[in-house]
$ cat target_4.txt   # compact mmCIF, C-alpha atoms
# COMPACT_ATOMS: atom_id res chain seq x y z
CA GLU A 201 184.67 91.54 2.80
CA TYR A 202 185.63 95.21 3.18
CA LEU A 203 187.29 94.57 6.55
CA LEU A 204 189.10 91.48 5.31
CA GLU A 205 190.45 93.49 2.35
CA ARG A 206 191.76 96.05 4.86
CA GLY A 207 193.75 93.35 6.66
CA PHE A 208 191.43 92.51 9.55
CA ASP A 209 191.11 88.83 10.37
CA LEU A 210 187.93 87.00 11.28
CA GLY A 211 189.25 86.04 14.71
CA ALA A 212 189.81 89.69 15.68
CA LEU A 213 186.41 90.72 14.28
CA ASN A 214 184.64 87.93 16.17
CA LYS A 215 186.51 88.76 19.38
CA VAL A 216 185.16 92.33 19.37
CA LYS A 217 181.69 91.10 18.33
CA CYS A 218 181.60 92.83 14.94
CA LYS A 219 178.17 92.45 13.32
CA VAL A 220 176.44 93.37 10.07
CA THR A 221 173.52 95.84 10.26
CA PHE A 222 170.51 96.44 8.03
CA ASN A 223 171.64 100.04 7.48
CA ASP A 224 172.94 100.28 3.89
CA SER A 225 174.94 103.44 4.65
CA TYR A 226 176.58 102.07 7.81
CA PRO A 227 176.57 98.27 7.41
CA ILE A 228 179.16 97.32 10.07
CA ILE A 229 178.54 97.72 13.81
CA PHE A 230 180.83 97.27 16.82
CA PRO A 231 180.09 97.50 20.55
CA LEU A 232 182.23 100.07 22.37
CA ASN A 233 183.68 98.76 25.64
CA ASP A 234 185.64 100.86 28.12
CA MET A 235 187.62 98.55 30.44
CA GLY A 236 185.06 95.83 29.69
CA VAL A 237 182.04 98.06 30.39
CA PHE A 238 179.63 98.55 27.46
CA LYS A 239 179.31 102.24 26.52
CA GLY A 240 177.53 102.19 23.16
CA TYR A 241 177.81 101.22 19.52
CA VAL A 242 179.68 102.56 16.52
CA CYS A 243 178.73 101.87 12.90
CA ARG A 244 181.23 102.19 10.03
CA THR A 245 180.51 103.15 6.43
CA MET A 246 182.32 101.67 3.45
CA ASP A 247 180.87 104.15 0.94
CA PRO A 248 183.51 106.71 -0.17
CA GLU A 249 180.85 109.41 -0.68
CA ILE A 250 179.44 108.98 2.83
CA GLN A 251 183.00 108.82 4.26
CA LYS A 252 183.60 112.37 3.03
CA LYS A 253 180.92 113.55 5.49
CA ARG A 254 181.10 111.00 8.31
CA LYS A 255 182.94 107.67 8.57
CA TYR A 256 181.46 106.62 11.91
CA LEU A 257 177.96 106.80 13.32
CA TYR A 258 177.48 106.47 17.08
CA ASN A 259 174.27 105.56 18.86
CA LYS A 260 172.07 108.31 20.29
CA GLY A 261 173.23 109.31 23.77
CA PHE A 262 176.80 108.06 23.33
CA SER A 263 179.47 110.37 24.80
CA ARG A 264 183.00 110.23 23.40
CA ARG A 265 184.10 112.71 26.07
CA ASN A 266 184.13 110.19 28.91
CA THR A 267 184.85 106.99 26.95
CA LEU A 268 188.13 105.27 26.14
CA VAL A 269 187.58 102.17 24.04
CA GLY A 270 189.85 99.39 25.21
CA LYS A 271 191.97 98.28 28.14
CA TYR A 272 194.33 100.70 29.88
CA ASP A 273 194.97 99.47 33.43
CA CYS A 274 198.75 99.41 33.04
CA LYS A 275 201.64 101.86 33.52
CA THR A 276 202.33 101.96 29.77
CA VAL A 277 199.45 102.13 27.29
CA MET A 278 199.20 102.61 23.53
CA VAL A 279 196.73 105.34 22.56
CA VAL A 280 195.16 105.50 19.08
CA GLU A 281 192.54 107.75 17.49
CA GLY A 282 189.91 105.50 15.93
CA PHE A 283 188.16 102.24 16.58
CA MET A 284 189.70 100.60 13.49
CA ASP A 285 193.19 101.53 14.73
CA TYR A 286 192.30 100.03 18.12
CA LEU A 287 191.06 96.86 16.44
CA LYS A 288 194.23 96.51 14.31
CA ALA A 289 196.49 97.05 17.35
CA LYS A 290 194.55 94.35 19.24
CA GLN A 291 194.84 92.03 16.25
CA TYR A 292 198.62 92.56 16.25
CA GLY A 293 198.89 91.61 19.91
CA VAL A 294 198.82 94.93 21.79
CA LYS A 295 197.14 94.10 25.09
CA TYR A 296 196.93 97.58 26.61
CA VAL A 297 195.54 99.89 23.93
CA CYS A 298 192.72 102.39 23.93
CA ALA A 299 191.06 104.63 21.36
CA LEU A 300 190.23 108.27 22.05
CA LEU A 301 187.70 108.31 19.17
CA GLY A 302 189.29 111.58 18.08
CA TRP A 303 192.71 113.20 17.87
CA LYS A 304 192.70 115.04 21.20
CA ALA A 305 192.11 113.52 24.63
CA THR A 306 189.39 115.13 26.70
CA PRO A 307 189.98 116.10 30.36
CA GLU A 308 187.71 113.20 31.36
CA GLN A 309 189.76 110.73 29.30
CA ILE A 310 193.00 111.99 30.85
CA GLU A 311 191.52 111.54 34.33
CA LYS A 312 190.45 107.99 33.49
CA LEU A 313 193.98 107.13 32.31
CA LYS A 314 195.52 108.65 35.45
CA ALA A 315 193.03 106.83 37.69
CA GLN A 316 194.23 103.52 36.20
CA GLY A 317 197.86 104.36 36.98
CA VAL A 318 198.99 105.17 33.43
CA GLU A 319 202.38 106.90 33.45
CA THR A 320 203.65 106.40 29.90
CA ILE A 321 201.73 106.62 26.64
CA ILE A 322 202.87 105.20 23.34
CA SER A 323 201.12 107.74 21.12
CA ALA A 324 199.99 106.01 17.95
CA LEU A 325 197.66 108.88 17.12
CA ASP A 326 197.49 109.43 13.37
CA ASN A 327 200.66 110.26 11.47
CA ASP A 328 199.36 113.68 10.45
CA GLU A 329 199.13 117.24 11.79
CA CYS A 330 196.23 116.49 14.15
CA GLY A 331 197.94 113.36 15.50
CA ILE A 332 201.08 115.37 16.21
CA LYS A 333 199.02 118.04 18.01
CA GLY A 334 197.21 115.36 20.02
CA THR A 335 200.55 113.81 20.98
CA LYS A 336 201.93 117.17 22.15
CA TYR A 337 198.78 117.69 24.23
CA LEU A 338 199.27 114.31 25.96
CA GLU A 339 202.83 115.38 26.88
CA ASN A 340 201.28 117.85 29.35
CA TYR A 341 200.06 114.90 31.44
CA PHE A 342 202.22 111.82 30.74
CA GLU A 343 205.60 110.64 29.56
CA VAL A 344 204.91 110.18 25.84
CA ILE A 345 206.75 108.07 23.29
CA ARG A 346 205.67 108.68 19.69
CA PHE A 347 204.94 105.51 17.71
CA GLN A 348 207.49 105.39 14.87
CA TYR A 349 205.28 105.25 11.77
CA PRO A 350 206.76 104.80 8.30
CA LYS A 351 206.41 108.13 6.45
CA SER A 352 203.78 106.88 3.99
CA ILE A 353 201.44 105.38 6.64
CA LYS A 354 198.62 107.47 8.17
CA ASP A 355 197.58 105.18 11.02
CA ILE A 356 197.75 101.66 12.45
CA GLY A 357 194.59 100.72 10.55
CA GLU A 358 196.59 101.01 7.30
CA MET A 359 199.47 98.81 8.47
CA ASN A 360 200.07 95.17 7.71
CA LYS A 361 201.58 92.97 10.41
CA LYS A 362 205.13 93.26 9.06
CA GLN A 363 204.96 97.09 8.94
CA PHE A 364 203.50 97.18 12.45
CA LYS A 365 206.17 94.89 13.86
CA LYS A 366 208.96 96.98 12.30
CA ALA A 367 207.46 100.26 13.56
CA LYS A 368 206.99 98.75 17.03
CA GLN A 369 210.67 97.72 17.14
CA LYS A 370 211.73 101.23 16.07
CA THR A 371 209.50 102.67 18.81
CA ILE A 372 211.11 100.43 21.44
CA LYS A 373 214.60 101.50 20.29
CA PHE A 374 213.50 105.14 20.27
CA ARG A 375 212.17 104.77 23.83
CA ARG A 376 215.45 103.24 25.04
CA LYS A 377 217.46 106.09 23.49
CA LYS A 378 215.12 108.67 25.00
CA ASN A 379 215.40 107.07 28.46
CA GLU A 380 219.21 106.90 28.22
CA PHE A 381 219.27 110.58 27.28
CA VAL A 382 217.10 111.54 30.27
CA LYS A 383 219.26 109.63 32.82

$ encode --input "target_4.txt" --output "structure tokens"
Amino acid sequence: EYLLERGFDLGALNKVKCKVTFNDSYPIIFPLNDMGVFKGYVCRTMDPEIQKKRKYLYNKGFSRRNTLVGKYDCKTVMVVEGFMDYLKAKQYGVKYVCALLGWKATPEQIEKLKAQGVETIISALDNDECGIKGTKYLENYFEVIRFQYPKSIKDIGEMNKKQFKKAKQKTIKFRRKKNEFVK
């Protein structure tokens, strides 16, 4: 119910094999796949008190450092921070999207992106100070286009389909203007 209230649809949840756990604190579990290869699990809390300390719980032995959740074997890829942002982007039709599972890419994650031929990143990192810092960091390695969030929206996970579509169109226009300026 919690995920449906947040705008996730059953089809998207089933596609990523979302399951319910017996853990009362972290009742939702998702497998983490990097280019189709299973890397671990992440559990999500819905309890506001627990969220203050830790929203996500990863399995023992999981390493965020060398994992990018999603598909990124394309010249242009959307990069998001969290798994829920990744899931919402997938639900809204973004084929090449990956989650850093944090605001700043690690050297290992950057190497993985480069090894797949990524040249341009649509940075949909959170619309906050950390997301802006993470975007600037990515600019050291790739051409980066900032996703054009509405001012009141923190991340893709908060967006409905109409808001996402509008922001995506603004991002495409912004990219065209940027490319015209560079030429």

$ residues_around --input "target_4.txt" --residues "Phe342 in chain A" --least-positions-apart "6" --cutoff "12 Å" --atoms "only C-alpha atoms" --output "list in words"
Lys275, Thr276, Val277, Val279, Ala305, Ile310, Glu311, Leu313, Lys314, Gly317, Val318, Glu319, Thr320, Ile321, Ile322, Ser323, Thr335 and Lys336 of chain A

$ closest_residue --input "target_4.txt" --among "A:Lys215, A:Lys365, A:Lys333, A:Arg375" --to "Tyr292 in chain A" --atoms "all atoms listed in the file"
A:Lys365

$ closest_residue --input "target_4.txt" --among "A:Thr245, A:Gln309, A:Gln251, A:Gln291" --to "Arg265 in chain A" --atoms "only C-alpha atoms"
A:Gln309

$ atom_distance --input "target_4.txt" --atom1 "CA of Ile356 in chain A" --atom2 "CA of Lys288 in chain A"
6.5 Å

$ closest_residue --input "target_4.txt" --among "A:Gly331, A:Pro227, A:Gly236, A:Gly261" --to "Glu201 in chain A" --atoms "only C-alpha atoms"
A:Pro227

$ atom_distance --input "target_4.txt" --atom1 "CA of Phe222 in chain A" --atom2 "CA of Phe262 in chain A"
20.2 Å

$ atom_distance --input "target_4.txt" --atom1 "CA of Gln369 in chain A" --atom2 "CA of Asp209 in chain A"
22.5 Å

$ closest_residue --input "target_4.txt" --among "A:Lys366, A:Lys239, A:Arg206, A:Lys304" --to "Val280 in chain A" --atoms "only C-alpha atoms"
A:Lys304

$ closest_residue --input "target_4.txt" --among "A:Tyr349, A:Phe364, A:Phe374, A:Tyr202" --to "Ile228 in chain A" --atoms "all atoms listed in the file"
A:Tyr202

$ residues_around --input "target_4.txt" --residues "Gly270 in chain A" --least-positions-apart "2" --cutoff "12 Å" --atoms "all atoms listed in the file" --output "number ranges by chain"
A: 216, 231-239, 267-268, 272-274, 277-287, 289-290, 294-301, 312-313

$ build_atoms --input "target_4.txt" --residues "range 341-356 of chain A" --atoms "N, CA and C atoms" --output "compact mmCIF listing (two decimals), in the frame of the given file"
# COMPACT_ATOMS: atom_id res chain seq x y z
N TYR A 341 200.58 115.74 30.36
CA TYR A 341 200.06 114.90 31.44
C TYR A 341 200.82 113.60 31.68
N PHE A 342 201.56 113.13 30.66
CA PHE A 342 202.22 111.82 30.74
C PHE A 342 203.59 111.88 30.09
N GLU A 343 204.41 110.87 30.39
CA GLU A 343 205.60 110.64 29.56
C GLU A 343 205.04 110.08 28.25
N VAL A 344 205.46 110.62 27.13
CA VAL A 344 204.91 110.18 25.84
C VAL A 344 206.03 109.75 24.90
N ILE A 345 205.85 108.59 24.32
CA ILE A 345 206.75 108.07 23.29
C ILE A 345 205.92 108.02 22.00
N ARG A 346 206.40 108.68 20.96
CA ARG A 346 205.67 108.68 19.69
C ARG A 346 205.92 107.37 18.95
N PHE A 347 204.84 106.72 18.52
CA PHE A 347 204.94 105.51 17.71
C PHE A 347 205.65 105.88 16.41
N GLN A 348 206.62 105.07 16.02
CA GLN A 348 207.49 105.39 14.87
C GLN A 348 206.90 104.86 13.56
N TYR A 349 205.93 105.62 13.03
CA TYR A 349 205.28 105.25 11.77
C TYR A 349 206.24 105.39 10.59
N PRO A 350 206.09 104.52 9.57
CA PRO A 350 206.76 104.80 8.30
C PRO A 350 206.14 106.08 7.71
N LYS A 351 206.89 106.84 6.96
CA LYS A 351 206.41 108.13 6.45
C LYS A 351 205.11 108.04 5.65
N SER A 352 204.93 106.98 4.89
CA SER A 352 203.78 106.88 3.99
C SER A 352 202.51 106.34 4.66
N ILE A 353 202.58 105.99 5.93
CA ILE A 353 201.44 105.38 6.64
C ILE A 353 200.75 106.41 7.52
N LYS A 354 199.40 106.49 7.39
CA LYS A 354 198.62 107.47 8.17
C LYS A 354 198.31 106.97 9.58
N ASP A 355 197.96 105.69 9.71
CA ASP A 355 197.58 105.18 11.02
C ASP A 355 197.75 103.66 11.08
N ILE A 356 197.56 103.10 12.26
CA ILE A 356 197.75 101.66 12.45
C ILE A 356 196.78 100.86 11.59
